[in-house]
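**Q** Could you have a look at this structure, given as structure tokens, before my questions?
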Amino acid sequence: MRAAARVWRVTLVMAALLAAFAGLAFRLTRLHTTERDPVSKGPVSREVRIELPAERGRILDRRGTALALDVPMYRLNANPEGVVLDGLVEAYTALLGRRLGLDRTELERRLRQADRRQVYLASRLTREQVDHLRQLKLRHIWWEETPLRTYPLRELACHVVGFVNAERVGSAGIEMSFHRWLAGRPGVRVTVRNARRQEIADQRRVDVPPEPGATVELTIDTVVQTMVEDALDEAVRAHRPLGAWAIVLDVRTGEILAMASRPAFDPNEYGSSSLDGHLNRAIGYVYEPGSTFKAATIAAALDAGIVRADTPFDCEHGLWHYRGRPLRDFHPYGRLTVAGIVQKSSNIGAAKIAVMLGDAPLETYLRSFGFGQRTGIELPGEEAGILPSRRHWDALTVTRIAMGHSIAATALQMLSALGAIGNGGVRMKPSIVRRVRDARGRVLFEFSPTAVSTPLRPDTSRLMTELLVGVTAPDGTGRRAAVPGYRVAGKTGTAIKAGVGGYDHQRNIASFMGLIPADSPALGIIVVVDEPQPEHTGGVVAAPVFRQIAQELVRYLGIPPSAGAPAPAEPEPTAPPEGDTHADWPAI
Amino acid sequence: MKAAVNAILVCLVVALTVGGLLVLGSASAAFAEFRFKDPAHLLQRQILWAVIAAVSGVSAAMVDYHRWRPWVIPLLVGCAVLLVLCLVPGIGVRRNGASRWISIGPALFQPSELTKFAMVLFLAAWIHRNERRLAGLRHGIVIPMAVMGTVLGLVLIEPDFGTTMLTFAIGIVLLLLGGAHLGYISVLGALLSGGFAVIIYSDRERLERLLAFLHPERYADDAALQLVEAMRAFSLGGVAGVGLDNSVQKHFWLPESHTDFIFPIIGEELGLWATLAFLAAYFGILLCGMWIGWRAPDTFGRLLAWGITLTIITQALLNIAVVTGCLPTKGIALPLVSYGGSSLAVTGLMIGVLVNIGRHASGLVPDPDTLAIKDGLRHV
């Protein structure tokens with residue numbers, strides 16, 4: 001071959017190779033300088049951002065008993081691709097089905113999804129179960145810690161505590177209203193994993209540990225709460241009502257010692273309970289209070305100086321026509337003093353007192369008692385009740401409001417108003433949170449008693465309390481609320497529920513609210529029973545519940561018996577308390 | 001200048017090998033740790049192979065390349081026997097569905113690597129002997145193609161599609177450089193291309209792999225997984241690289257990151273400058289090899305030098321083309337860098353032969369056999 005021919009043949013080959021080199025150099029430059037992922041079209045990155053869940057703060061009662069806390073649980077995952085490739089489906093199905101008690105058909109279905117690299121197999125595995133699995137060294141199986149919100153006392157105070165949803169967002173009760181403090185701040189970890197999901201050593205870029213949530217201490221006392229709930233449950237068994245609820249309030253400070261509502265639910269399984277049970281009726285159910293409201297009406301008249309305790313009224317023998325409309329008493333009475341009207345719960349008497357007081361002063365007093373506005377308790381779902389402005393009242397409204405109709409309130413509003421009567425006329429802001437402490441123990445919030453309004457003068461307060469003591473006397477409507485050894489000031493209520501087209505006399509709300517001890521009221525308790533069967537009056541249905549609660553409570557809290565009260569059947573508690581918070585009271 | 005070419009060649013080869021070992025130590029660590037519980041396991045073996053390659057290369061450099069000529073036929077036959085042995089159960093070792101290896105004691109040997117060298121030797125010797133008849137169909141095309149087809153057929157049924165194609169391509173280029181008729185070469189090239197096309201289209205899996213490289217994102221979970229991860233590796237490395245040993249992709253994201261797909265790891269850890277440097281080093285070897293061939297004292301030396309150079313360079317180009325998504329995925333190692341003992345040892349041997357030709361070409365070896373006048377006389 002001639003040299004010239006050789007030259008151009010070599011040149012041809014070299015040119016082709018040179019082109020290839022140049023092309024590859026260009027291609028390499030392109031690949032190195034692109035930041036676009038060939039698949040996702042986003043930036044190329046192998047970093048994974050892992051959110052480290054923060055431990056949610058606990059919810060405690062005033063004694064430190066846990067009502068809500070996080071329990072470490074584990075979620076089991078598998079890589080079906082690997083499981084299928086290694087032919088482990090049957091073995092894993094049998095093993096995990098046996099060890100963890102999982103449904104084998106479902107397990108096998110999930111493990112057979114060979115096109116997936118991650119499926120979830122089971123949640124809520126305990127540490128013991130996971131330790132067991134760890135020893136087996138199973139390939140393609142891993143777990144992640146997922147704290148599980150647990151409510152160890154189950155239904156107890158469920159409406160107060162509330163619950164978190166599947167995303168761990170507080171969705172009811174304190175869990176909801178204090179979510180931001182309870183939730184803490186999740187940590188974040190930016191790291192790199194290999195294709196087998198293991199973190200690559202030394203490649204961790206960011207590691208911010210989670211900040212645990214704050215602990216919320218409630219004013220609730222689980223012992224008191226248990227007493228209240230037991231009493232309510234008993235009443236529910238006896239009267240088969242639509243609902244029943246009760247609150248125990250320290251009238252001097254506004255702290256709520258117990259708040260219960262029936263029907264209830266187990267917050268651990270909030271999803272499987274009826275929504276009706278989720279309603280915290282103590283603050284979320286607005287009802288016409290009926291006769292218990294007379295306490296507020298008459299206190300207002302007394303405070304305004306319109307009437308005195310001994311002012312007589314003609315109670316018209318049970319039927320009074322006012323402006324052409326009849327007004328009836330449950331039992332007919334002739335002449336009753338104001339004290340008698342309270343004791344016998346005369347509608348006619350209360351109406352006449354309210355008419356004497358007049359629309360404007362009555363509304364002013366009622367607003368001062370807190371009706372028509374939320375108490376501002378630290379719970380979601382509180383209702384404001386209905387107190388129409390005086391401009392919307394007709395001529396009859398004042399007579400209806402006097403006896404607790406044409407007005408609607410929550411049990412907490414009623415008890416708060418009663419608390420003002422018992423607390424020298426000063427109404428304290430009801431509160432259910434005692435303290436909030438962060439994970440390092442710093443106090444973020446501390447309860448301090450707050451007066452909201454002063455509807456009554458101290459002397460009216462004392463006088464009205466004395467009149468209410470008459471209700472629990474042997475001839476009062478609330479005699480079944482009497483607690484041996486203690487003077488109890490209270491008021492019964494039997495409200496007729498409004499239905500379609502007017503009031504339905506077959507459907508009642510029976511209630512009782514009272515103060516104990518009457519001489520220097522410490523506790524206010526309200527019990528409301530919705531549509532009890534077959535008895536329906538507050539004196540028969542609610543008063544005994546009040547007594548049961550109050551009786552246990554005074555012993556538990558060591559409240560000394562009242563002088564001059566009927567002798568107790570049981571020995572008196574010793575060691576009268578000192579100080580003004582319940583924490584100082586010795587538990588029995 | 002003359003003496004410098006050999007020195008440059010050796011320096012480039014040593015640089016590539018040492019650089020390759022550095023990256024291999026990093027790239028193979030995660031896999032070796034996982035498979036052998038020792039991150040240095042593969043590196044140690046590769047160093048051992050590198051020593052073997054160095055020894056065989058130095059030996060070959062000291063042996064007059066003319067001495068290979070009598071061994072062409074025995075070597076070719078030996079290769080064919082070894083290739084057959086690969087298919088024999090018990091002797092041959094099957095991996096990933098291919099019978100490409102023979103077990104020799106603790107190591108595996110891949111006869112197809114040696115076959116490349118044997119084929120180059122054969123063609124160089126054939127062209128040397130039949131240079132004047134090479135423009136004819138019989139000597140220029142039919143006989144060499146028959147020999148190649150026979151031996152490479154054994155490689156194809158292993159199966160080792162990539163090596164077959166590569167060796168055929170080099171064979172044709174050598175025939176072209178040796179003086180075969182251009183028309184015949186064109187027809188032959190067209191026929192072989194058509195044949196490969198038929199083979200590709202007859203096998204659904206091959207077709208899928210072929211399509212995968214054209215649309216890597218569409219096959220990212222499957223056929224183009226490697227390619228997608230390779231592309232990510234280059235991108236992650238950027239211009240400067242993430243630093244030696246800091247590759248993420250080697251942690252099982254990029255399969256075969258220590259063998260055929262080691263180049264993307266170089267790109268990830270050392271960046272664009274390193275990959276361009278590796279590319280430049282291969283280009284340097286190409287220039288040295290072609291220069292040596294051009295200056296070789298006889299046709300045998302010229303074609304042998306070119307054949308060796310083209311074998312190494314074409315492999316490198318194909319490998320880089322594959323890992324950058326310019327060609328469909330083929331099992332072709334990156335010479336001097338990828339993990340694999342047979343490839344490294346044979347490459348070392350070939351470089352040694354090339355260096356020896358270089359010594360003759362530079363006139364460093366006063367061998368009468370290499371005198372130009374005598375070279376010319378042999379063919380009379």
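Identifiers in this document derive from the order of the structure tokens: chains are assigned A, B, ..., residues are numbered from 1 separately in each chain, and ligands are numbered from 1 in order of occurrence.
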Run DSSP on the backbone of this structure and report the residues of range 62-176 of chain A it assigns to helix (DSSP H, G or I), as an NGL selection string.

**A** :A and (80-85 or 89-100 or 104-111 or 127-136 or 158-161 or 173-176)

**Q** Using only C-alpha atoms, which chain B residues lie at most 8 Å away from chain A, written as a count of residues only?

**A** 36

**Q** What does the distance between CA of Gly301 in chain B and CA of Val142 in chain B come to in Å, to one decimal place?

**A**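 Between CA of Gly301 in chain B and CA of Val142 in chain B the gap works out to 22.8 Å.
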
**Q** Take CA of Leu257 in chain A and CA of Ile220 in chain A and report the distance between them in Å, one decimal.

**A** 4.2 Å

**Q** Might you pull out every residue within 8 Å of Leu175 in chain B, with only C-alpha atoms counted and same-chain residues fewer than 5 positions away left off, and present them as a ChimeraX atom specification?

**A** /B:123,127,140-141,180,185

**Q** Show which residues sit within 12 Å of Ala15 in chain B, as a list in words. Count only C-alpha atoms, and ignore same-chain residues fewer than 3 positions away.

**A** Ala7, Ile8, Leu9, Val10, Cys11, Leu12, Val18, Gly19, Gly20, Leu21, Leu22, Ala277, Phe278, Ala280, Ala281, Tyr282, Gly284, Ile285, Leu336 and Val337 of chain B

**Q** Using CA of Ala489 in chain A and CA of Ala157 in chain A as the two end points, give the distance in Å to one decimal.

**A**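 Pair CA of Ala489 in chain A / CA of Ala157 in chain A returns 26.4 Å.
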
**Q** List as a ChimeraX atom specification the protein and nucleic acid residues near range 525-538 of chain A, meaning an atom at most 9 Å away when only C-alpha atoms are counted, but skip any in the same chain fewer than 3 places from it.

**A** /A:232,235-236,238-250,282,411-412,414-415,477-478,491-495,497,506-516,541-543,545-546,549-550

**Q** Please determine, counting only C-alpha atoms, which residue among A:Ala172, A:Pro147, A:Arg205, A:Thr105 has the shortest atom-to-atom distance to Val48 in chain A.

**A** A:Arg205

**Q** Can you check which residues of range 366-552 of chain A DSSP gives as strand (DSSP E) on the backbone and send them as a VMD selection string?

**A** chain A and resid 427 to 428 433 to 437 443 to 446 451 to 453 489 to 499 502 to 516 523 to 530

**Q** Skip Ser56 in chain B itself and residues of its chain fewer than 6 positions away, then list as a list in words all residues within 10 Å of it, counting only C-alpha atoms.

**A**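 My list of contacting residues is Ala50, Met62, Ala345, Val346, Thr347, Gly348, Leu349, Met350, Ile351, Gly352 and Val353 of chain B.
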
**Q** Can you spit out the residues from that selection as an mmCIF file, in the first residue's frame, using N, CA and C atoms?

**A**
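Everything below was put into selection-v9.cif:
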data_model
loop_
_atom_site.group_PDB
_atom_site.id
_atom_site.type_symbol
_atom_site.label_atom_id
_atom_site.label_comp_id
_atom_site.auth_asym_id
_atom_site.auth_seq_id
_atom_site.Cartn_x
_atom_site.Cartn_y
_atom_site.Cartn_z
ATOM 1 N N ALA B 50 -2.689 -5.492 39.387
ATOM 2 C CA ALA B 50 -1.899 -4.416 38.796
ATOM 3 C C ALA B 50 -0.416 -4.818 38.782
ATOM 4 N N MET B 62 10.237 -6.120 27.037
ATOM 5 C CA MET B 62 11.619 -6.553 26.834
ATOM 6 C C MET B 62 11.722 -7.637 25.763
ATOM 7 N N ALA B 345 -4.600 -7.287 33.387
ATOM 8 C CA ALA B 345 -3.391 -8.040 33.045
ATOM 9 C C ALA B 345 -3.150 -8.037 31.544
ATOM 10 N N VAL B 346 -4.225 -8.257 30.780
ATOM 11 C CA VAL B 346 -4.071 -8.297 29.324
ATOM 12 C C VAL B 346 -3.717 -6.910 28.805
ATOM 13 N N THR B 347 -4.367 -5.862 29.386
ATOM 14 C CA THR B 347 -4.033 -4.497 28.959
ATOM 15 C C THR B 347 -2.557 -4.208 29.239
ATOM 16 N N GLY B 348 -2.077 -4.631 30.409
ATOM 17 C CA GLY B 348 -0.665 -4.447 30.738
ATOM 18 C C GLY B 348 0.237 -5.129 29.723
ATOM 19 N N LEU B 349 -0.157 -6.341 29.374
ATOM 20 C CA LEU B 349 0.608 -7.106 28.394
ATOM 21 C C LEU B 349 0.666 -6.359 27.058
ATOM 22 N N MET B 350 -0.504 -5.859 26.645
ATOM 23 C CA MET B 350 -0.578 -5.186 25.344
ATOM 24 C C MET B 350 0.245 -3.896 25.358
ATOM 25 N N ILE B 351 0.160 -3.176 26.464
ATOM 26 C CA ILE B 351 0.955 -1.950 26.573
ATOM 27 C C ILE B 351 2.440 -2.297 26.472
ATOM 28 N N GLY B 352 2.818 -3.413 27.111
ATOM 29 C CA GLY B 352 4.216 -3.856 27.049
ATOM 30 C C GLY B 352 4.648 -4.103 25.607
ATOM 31 N N VAL B 353 3.790 -4.791 24.859
ATOM 32 C CA VAL B 353 4.098 -5.064 23.455
ATOM 33 C C VAL B 353 4.230 -3.752 22.692
#

**Q** Fewer than 4 positions away in the same chain doesn't count, so skip those; otherwise give me all residues within 7 Å of Val483 in chain A, counting only C-alpha atoms, as a list in words.

**A**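 Surrounding residues, per the criterion: Val488, Arg547 and Gln551 of chain A.
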